[in-house]
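*Asks:* Structure incoming, see below.
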Amino acid sequence: MSRIDDLIAEHCPDGVEFKPLGDIAALVRGNGMPKSVLTDEGVGAIHYGQIYTRYGVWTETTLSYVAPETAARLATAEPGDIIITNTSENIDDVCKAVAWLGSSPIVTGGHATIIRHSLDPKYLSYWFQSPGFAKQKRALATGTKVIDVSAKQLHKVRVPVPPLEVQREIVRILDKFTALEAELEAELEARRTQYAHYRDQLIQAADATAPLGLPIAELAGDGYFGDGDWVESKDQDPSGEVRLTQLADVGVGEFRDRSDRWMRQDQAARLNCTLLKPGDILIARMPSPLGRACQVPDGVGAAATVVDVAILRSSRSDVVPRYVMHALNSHPVRKQMLAFQSGGTRQRISRTNLGKILVPLPTLHEQRRIASELDEFDALVNDLSVGLPAELAARRKQYEYYRDKLLTFKEAGRD
């Protein structure tokens with residue numbers, strides 16, 4: 001930090017100048033680029049949806065491409081430009097930014113804006129992660145169901161513009177943190193791949209020893225197997241007591257707790273909603289991936305789920321729900337689901353066809369053993385309190401602390 005302090009004392013002892021983004025950059029809103037036009041070769045493309053989960057602060061390669069004739073009608077980003085998202089259902093995902101540092105121009109689509117600026121690209125992209133920007137973003141955001149910060153609103157954002165030497169030193173420090181984080185993420189991803197392979201082997205072995213696989217619908221016994229409920233926006237109330245869980249809440253073996261939709265109890269009763277119980281298995285009938293499953297955790301409270309999520313509540317004495325959840329996430333079972341998928345750009349599996357999927361059902365002892373082993377392995381790769389996940393979480397907190405400290409400036413002209 002002393003190097004940064006020295007540079008600030010030398011170049012801007014009276015503070016850093018803040019400027020409206022519109023004064024230091026040209027902003028170009030992307031145009032339509034649905035996922036259906038993405039290919040494996042052609043002109044490099046960054047789809048706005050990928051920025052949420054697939055890119056970091058900067059990238060030199062793209063994950064997707066479009067045909068040259070498609071690229072000709074799309075907004076083009078030059079090396080050094082920032083691509084930033086404009087919309088999301090979650091305020092935290094609005095205005096996720098990635099700096100394009102490749103050697104050739106690329107294209108992007110709607111719901112994203114290209115920022116052509118005069119700053120260090122990484123510096124500006126890092127700054128878009130800072131609390132200083134987050135506070136301004138929340139003040140400028142519009143909408144409720146879909147939250148938007150338009151290119152016009154982005155023009156108003158006030159950006160700290162320290163001298164280039166300071167920008168580059170900040171980037172150098174933060175790059176060290178992100179490089180360490182990337183190493184841990186790569187190692188953790190390798191562990192997760194190993195876990196998935198081990199899970200698939202256990203389920204395949206169970207399939208070989210089980211006398212007969214049972215259809216998902218039959219696993220319920222006298223319990224329940226059905227879809228969630230059709231709940232429209234008009235049936236929801238942010239002040240309600242009944243949570244409406246979404247597809248985004250259903251992870252692979254993990255209830256992700258991402259949505260924030262609610263109904264009043266009288267609304268849920270009028271719609272005759274099926275209320276969830278701890279231990280219920282939720283199965284996503286849409287990607288991605290199709291058929292992923294998790295269990296409803298303890299303490300979720302009064303909750304229902306949407307129609308594209310199936311609910312499996314088994315009452316059979318020969319079924320261990322935790323084992324079934326792991327089996328549903330395995331490749332042998334998932335492969336069956338893919339054979340039943342239908343639809344165009346949004347693939348799905350009907351609840352009727354989902355009910356036909358066969359799940360290997362070994363003895364109770366084997367089901368408990370497999371579930372226990374997979375839970376232990378899963379903790380090693382996903383439990384934030386132990387091992388690599390804990391180390392990665394600590395690194396991220398350390399990075400966020402230094403990022404926020406480095407990107408907080410005294411503004412010139414203000415005491």
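Convention: chains lettered A, B, ... in structure tokens order; per-chain residue numbering from 1; ligands numbered from 1 as shown.
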List every residue of stretch 141-348 of chain A that DSSP, applied to the backbone of this structure, places in alpha helix (DSSP H), and write the result as a PyMOL selection string.
*Replies:* chain A and resi 151-154+164-209+216-219+265-270+321-328+331-340
*Asks:* Could you give me, as a list in words, the residues within 12 Å of A:Val166, counting only C-alpha atoms and dropping anything in the same chain fewer than 4 positions from it?
*Replies:*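 Selected residues are Met1, Ser2, Arg3, Ile4, Asp5, Asp6, Leu7, Ile8, Ala9, Glu10, His11, Cys12, Val16, Leu119, Asp120, Tyr123, Pro160, Val161, Pro162, Ile170, Val171, Arg172, Ile173, Leu406, Leu407 and Phe409 of chain A.
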*Asks:* Can I get the selection written as a CSV table (one decimal), in the first residue's frame, with N, CA and C atoms?
*Replies:*
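And here is the file that came out, part33.csv:
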chain,number,residue,atom,x,y,z
A,1,MET,N,0.8,-1.2,0.0
A,1,MET,CA,0.0,0.0,0.0
A,1,MET,C,0.9,1.3,0.0
A,2,SER,N,2.1,1.2,0.6
A,2,SER,CA,2.9,2.4,0.6
A,2,SER,C,3.2,2.9,-0.7
A,3,ARG,N,3.4,2.0,-1.7
A,3,ARG,CA,3.7,2.5,-3.1
A,3,ARG,C,2.5,3.3,-3.6
A,4,ILE,N,1.3,2.9,-3.4
A,4,ILE,CA,0.1,3.6,-3.8
A,4,ILE,C,0.1,5.0,-3.0
A,5,ASP,N,0.3,4.9,-1.8
A,5,ASP,CA,0.3,6.2,-1.0
A,5,ASP,C,1.4,7.2,-1.5
A,6,ASP,N,2.5,6.7,-1.9
A,6,ASP,CA,3.6,7.5,-2.4
A,6,ASP,C,3.2,8.2,-3.7
A,7,LEU,N,2.5,7.3,-4.6
A,7,LEU,CA,2.1,7.8,-5.9
A,7,LEU,C,1.0,8.9,-5.8
A,8,ILE,N,0.1,8.7,-4.9
A,8,ILE,CA,-1.0,9.6,-4.7
A,8,ILE,C,-0.4,10.9,-4.1
A,9,ALA,N,0.5,10.8,-3.1
A,9,ALA,CA,1.1,12.0,-2.5
A,9,ALA,C,1.9,12.8,-3.6
A,10,GLU,N,2.5,12.1,-4.6
A,10,GLU,CA,3.3,12.7,-5.6
A,10,GLU,C,2.4,13.3,-6.7
A,11,HIS,N,1.4,12.6,-7.2
A,11,HIS,CA,0.6,13.0,-8.3
A,11,HIS,C,-0.7,13.7,-8.0
A,12,CYS,N,-1.3,13.4,-6.9
A,12,CYS,CA,-2.6,14.1,-6.6
A,12,CYS,C,-2.7,14.3,-5.1
A,16,VAL,N,-8.3,13.1,-5.7
A,16,VAL,CA,-8.5,12.6,-7.1
A,16,VAL,C,-9.7,13.2,-7.7
A,119,LEU,N,-9.3,5.3,-19.8
A,119,LEU,CA,-8.6,4.8,-18.6
A,119,LEU,C,-7.9,3.5,-18.9
A,120,ASP,N,-7.2,3.0,-17.8
A,120,ASP,CA,-6.6,1.7,-17.9
A,120,ASP,C,-7.8,0.7,-17.8
A,123,TYR,N,-8.4,-1.2,-14.6
A,123,TYR,CA,-8.7,-0.3,-13.5
A,123,TYR,C,-10.2,0.0,-13.5
A,160,PRO,N,-13.8,8.0,-10.3
A,160,PRO,CA,-12.5,8.6,-9.8
A,160,PRO,C,-11.5,8.3,-10.9
A,161,VAL,N,-10.8,9.4,-11.3
A,161,VAL,CA,-9.8,9.3,-12.4
A,161,VAL,C,-8.4,9.7,-11.8
A,162,PRO,N,-7.8,8.8,-11.1
A,162,PRO,CA,-6.4,9.1,-10.7
A,162,PRO,C,-5.4,9.1,-11.8
A,170,ILE,N,-2.6,0.1,-8.9
A,170,ILE,CA,-3.8,-0.6,-8.4
A,170,ILE,C,-4.1,-1.9,-9.1
A,171,VAL,N,-4.0,-1.8,-10.4
A,171,VAL,CA,-4.2,-3.0,-11.2
A,171,VAL,C,-3.2,-4.1,-10.9
A,172,ARG,N,-1.9,-3.7,-10.7
A,172,ARG,CA,-0.9,-4.7,-10.4
A,172,ARG,C,-1.1,-5.4,-9.1
A,173,ILE,N,-1.6,-4.7,-8.1
A,173,ILE,CA,-1.9,-5.3,-6.8
A,173,ILE,C,-3.1,-6.2,-6.9
A,406,LEU,N,-8.3,0.2,-2.0
A,406,LEU,CA,-7.6,0.8,-3.1
A,406,LEU,C,-8.4,1.7,-4.0
A,407,LEU,N,-9.7,1.4,-4.1
A,407,LEU,CA,-10.6,2.1,-5.0
A,407,LEU,C,-11.4,3.2,-4.3
A,409,PHE,N,-11.2,6.9,-2.8
A,409,PHE,CA,-10.3,8.1,-2.9
A,409,PHE,C,-11.0,9.3,-2.3
*Asks:* Would you compute the distance between atom CA of A:Leu271 and atom CA of A:Val307? Give it in Å to one decimal.
*Replies:*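 Between atom CA of A:Leu271 and atom CA of A:Val307 the gap works out to 12.3 Å.
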*Asks:* Calculate how many Å separate atom CA of A:Leu354 from atom CA of A:Ala310, rounding to one decimal.
*Replies:* 8.7 Å
*Asks:* Would you please extract all strand (DSSP E) residues from stretch 77-109 of chain A, as assigned by DSSP on the backbone, and give them as a list in words?
*Replies:*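 Output for stretch 77-109 of chain A, strand (DSSP E) only: Ala77, Ile82, Ile83, Ile84, Thr85, Thr87, Ser88, Ala97, Val98, Ala99, Trp100, Ile106, Val107 and Thr108 of chain A.
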*Asks:* Of the residues A:Asp266, A:Asp260, A:Glu183, A:Asp249, which is the one nearest to A:Asp235, using only C-alpha atoms?
*Replies:*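 Among A:Asp266, A:Asp260, A:Glu183, A:Asp249, it is A:Asp266 that comes nearest to A:Asp235.
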*Asks:* Kindly provide the residues of stretch 118-210 of chain A that approach stretch 316-332 of chain A to within 9 Å, each paired with its closest atom pair and their distance in Å to one decimal, based on only C-alpha atoms, listed by chain and increasing number, as a Markdown table.
*Replies:*
| residue | atom | partner | partner_atom | distance |
| --- | --- | --- | --- | --- |
| A:Ala196 | CA | A:Ser330 | CA | 7.4 |
| A:His197 | CA | A:Ser330 | CA | 8.8 |
| A:Arg199 | CA | A:Ser330 | CA | 6.5 |
| A:Asp200 | CA | A:Ser330 | CA | 5.2 |
| A:Gln201 | CA | A:Ser330 | CA | 8.8 |
| A:Leu202 | CA | A:Ala327 | CA | 9.0 |
| A:Ile203 | CA | A:Ala327 | CA | 6.2 |
| A:Gln204 | CA | A:Pro332 | CA | 6.7 |
| A:Asp207 | CA | A:Pro332 | CA | 8.9 |
*Asks:* Tell me which protein, DNA and RNA residues are within 10 Å of A:Asp404, counting only C-alpha atoms, leaving out same-chain ones fewer than 5 positions away, and put them as a PDB file with N, CA and C atoms, in the first residue's frame.
*Replies:*
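The new file out_27.pdb reads:
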ATOM      1  N   TYR A 126     -12.233  -3.111 -12.588  1.00  0.00           N
ATOM      2  CA  TYR A 126     -12.168  -3.326 -11.141  1.00  0.00           C
ATOM      3  C   TYR A 126     -13.061  -2.325 -10.409  1.00  0.00           C
ATOM      4  N   TRP A 127     -13.026  -1.061 -10.866  1.00  0.00           N
ATOM      5  CA  TRP A 127     -13.816  -0.050 -10.183  1.00  0.00           C
ATOM      6  C   TRP A 127     -15.306  -0.361 -10.257  1.00  0.00           C
ATOM      7  N   GLN A 129     -16.609  -2.992  -9.778  1.00  0.00           N
ATOM      8  CA  GLN A 129     -16.933  -3.947  -8.713  1.00  0.00           C
ATOM      9  C   GLN A 129     -16.970  -3.283  -7.341  1.00  0.00           C
ATOM     10  N   SER A 130     -16.594  -2.041  -7.246  1.00  0.00           N
ATOM     11  CA  SER A 130     -16.373  -1.394  -5.951  1.00  0.00           C
ATOM     12  C   SER A 130     -17.674  -0.909  -5.311  1.00  0.00           C
ATOM     13  N   PRO A 131     -17.664  -0.734  -3.983  1.00  0.00           N
ATOM     14  CA  PRO A 131     -18.839  -0.180  -3.290  1.00  0.00           C
ATOM     15  C   PRO A 131     -19.194   1.226  -3.768  1.00  0.00           C
ATOM     16  N   GLY A 132     -18.171   2.012  -4.181  1.00  0.00           N
ATOM     17  CA  GLY A 132     -18.446   3.356  -4.674  1.00  0.00           C
ATOM     18  C   GLY A 132     -19.345   3.342  -5.891  1.00  0.00           C
ATOM     19  N   TYR A 399      -9.265 -10.121  -0.872  1.00  0.00           N
ATOM     20  CA  TYR A 399      -9.259  -9.366  -2.126  1.00  0.00           C
ATOM     21  C   TYR A 399     -10.259  -8.221  -2.082  1.00  0.00           C
ATOM     22  N   PHE A 409     -11.219   6.901  -2.843  1.00  0.00           N
ATOM     23  CA  PHE A 409     -10.342   8.061  -2.943  1.00  0.00           C
ATOM     24  C   PHE A 409     -10.969   9.290  -2.290  1.00  0.00           C
TER      25      PHE A 409
END
*Asks:* Set the distance at 8 Å and use only C-alpha atoms: which residues neighbour A:Leu276 once local chain neighbours fewer than 4 positions away are removed? I'd like the list as an MDAnalysis selection string.
*Replies:* chainID A and resid 280 296 302:305
*Asks:* Leaving out stretch 214-229 of chain A and any residue of its chain fewer than 2 positions from it, which residues lie within 6 Å of it when counting only C-alpha atoms, given as a VMD selection string?
*Replies:* chain A and resid 231 273 305 to 307 309 to 316 355 to 359
*Asks:* Would you write out those residues with N, CA and C atoms, as a CSV table (one decimal), in the first residue's frame?
*Replies:*
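The resulting file, again-v9.csv, is reproduced below:
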chain,number,residue,atom,x,y,z
A,231,VAL,N,-47.8,-19.5,-10.7
A,231,VAL,CA,-48.0,-18.2,-9.9
A,231,VAL,C,-47.5,-17.1,-10.7
A,273,CYS,N,-51.7,-23.8,-3.5
A,273,CYS,CA,-50.2,-24.1,-3.7
A,273,CYS,C,-49.8,-25.3,-2.8
A,305,THR,N,-43.1,-23.6,-4.8
A,305,THR,CA,-42.2,-23.4,-5.9
A,305,THR,C,-42.9,-23.3,-7.2
A,306,VAL,N,-42.2,-22.9,-8.3
A,306,VAL,CA,-42.8,-22.6,-9.6
A,306,VAL,C,-43.1,-23.9,-10.4
A,307,VAL,N,-43.9,-23.7,-11.4
A,307,VAL,CA,-44.4,-24.9,-12.2
A,307,VAL,C,-43.2,-25.6,-12.9
A,309,VAL,N,-40.5,-26.5,-11.7
A,309,VAL,CA,-39.8,-27.3,-10.7
A,309,VAL,C,-40.7,-28.4,-10.2
A,310,ALA,N,-40.3,-29.7,-10.4
A,310,ALA,CA,-41.1,-30.8,-9.9
A,310,ALA,C,-40.7,-31.1,-8.4
A,311,ILE,N,-41.7,-31.6,-7.7
A,311,ILE,CA,-41.5,-31.9,-6.2
A,311,ILE,C,-41.6,-33.4,-6.1
A,312,LEU,N,-40.6,-34.0,-5.4
A,312,LEU,CA,-40.7,-35.5,-5.1
A,312,LEU,C,-40.6,-35.6,-3.6
A,313,ARG,N,-41.7,-36.1,-3.0
A,313,ARG,CA,-41.8,-36.3,-1.5
A,313,ARG,C,-42.1,-37.8,-1.3
A,314,SER,N,-41.1,-38.6,-0.9
A,314,SER,CA,-41.3,-40.0,-0.8
A,314,SER,C,-41.8,-40.4,0.5
A,315,SER,N,-42.7,-41.4,0.5
A,315,SER,CA,-43.2,-42.0,1.8
A,315,SER,C,-42.8,-43.4,1.9
A,316,ARG,N,-42.0,-43.9,1.0
A,316,ARG,CA,-41.7,-45.3,0.9
A,316,ARG,C,-40.6,-45.7,2.0
A,355,GLY,N,-41.4,-38.4,-14.8
A,355,GLY,CA,-41.8,-39.5,-13.9
A,355,GLY,C,-41.4,-40.9,-14.4
A,356,LYS,N,-41.1,-41.0,-15.7
A,356,LYS,CA,-40.7,-42.3,-16.3
A,356,LYS,C,-39.2,-42.6,-16.1
A,357,ILE,N,-38.4,-41.7,-15.7
A,357,ILE,CA,-37.0,-41.9,-15.6
A,357,ILE,C,-36.7,-42.9,-14.5
A,358,LEU,N,-35.9,-43.9,-14.8
A,358,LEU,CA,-35.6,-45.0,-13.9
A,358,LEU,C,-34.4,-44.6,-13.0
A,359,VAL,N,-34.6,-44.8,-11.7
A,359,VAL,CA,-33.5,-44.5,-10.7
A,359,VAL,C,-33.1,-45.9,-10.1
*Asks:* Would you pick out the contacts of A:Ser233 at 10 Å or less, using only C-alpha atoms, so that residues sharing its chain but fewer than 5 positions from it are not included, and give the list as a CSV table (one decimal) with C-alpha atoms, in the first residue's frame?
*Replies:*
chain,number,residue,atom,x,y,z
A,145,LYS,CA,-39.1,-7.5,-11.7
A,261,ARG,CA,-40.3,-13.7,-4.5
A,262,TRP,CA,-43.2,-13.9,-2.0
A,263,MET,CA,-46.9,-14.4,-1.7
*Asks:* Show which residues sit within 9 Å of A:Ile147, as a list in words. Count only C-alpha atoms, and ignore same-chain residues fewer than 5 positions away.
*Replies:*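 So, after excluding close chain neighbours, the residues are Asn86, Thr87, Ser88, Glu89, Asn90, Ile91, Val94, Ala141 and Thr142 of chain A.
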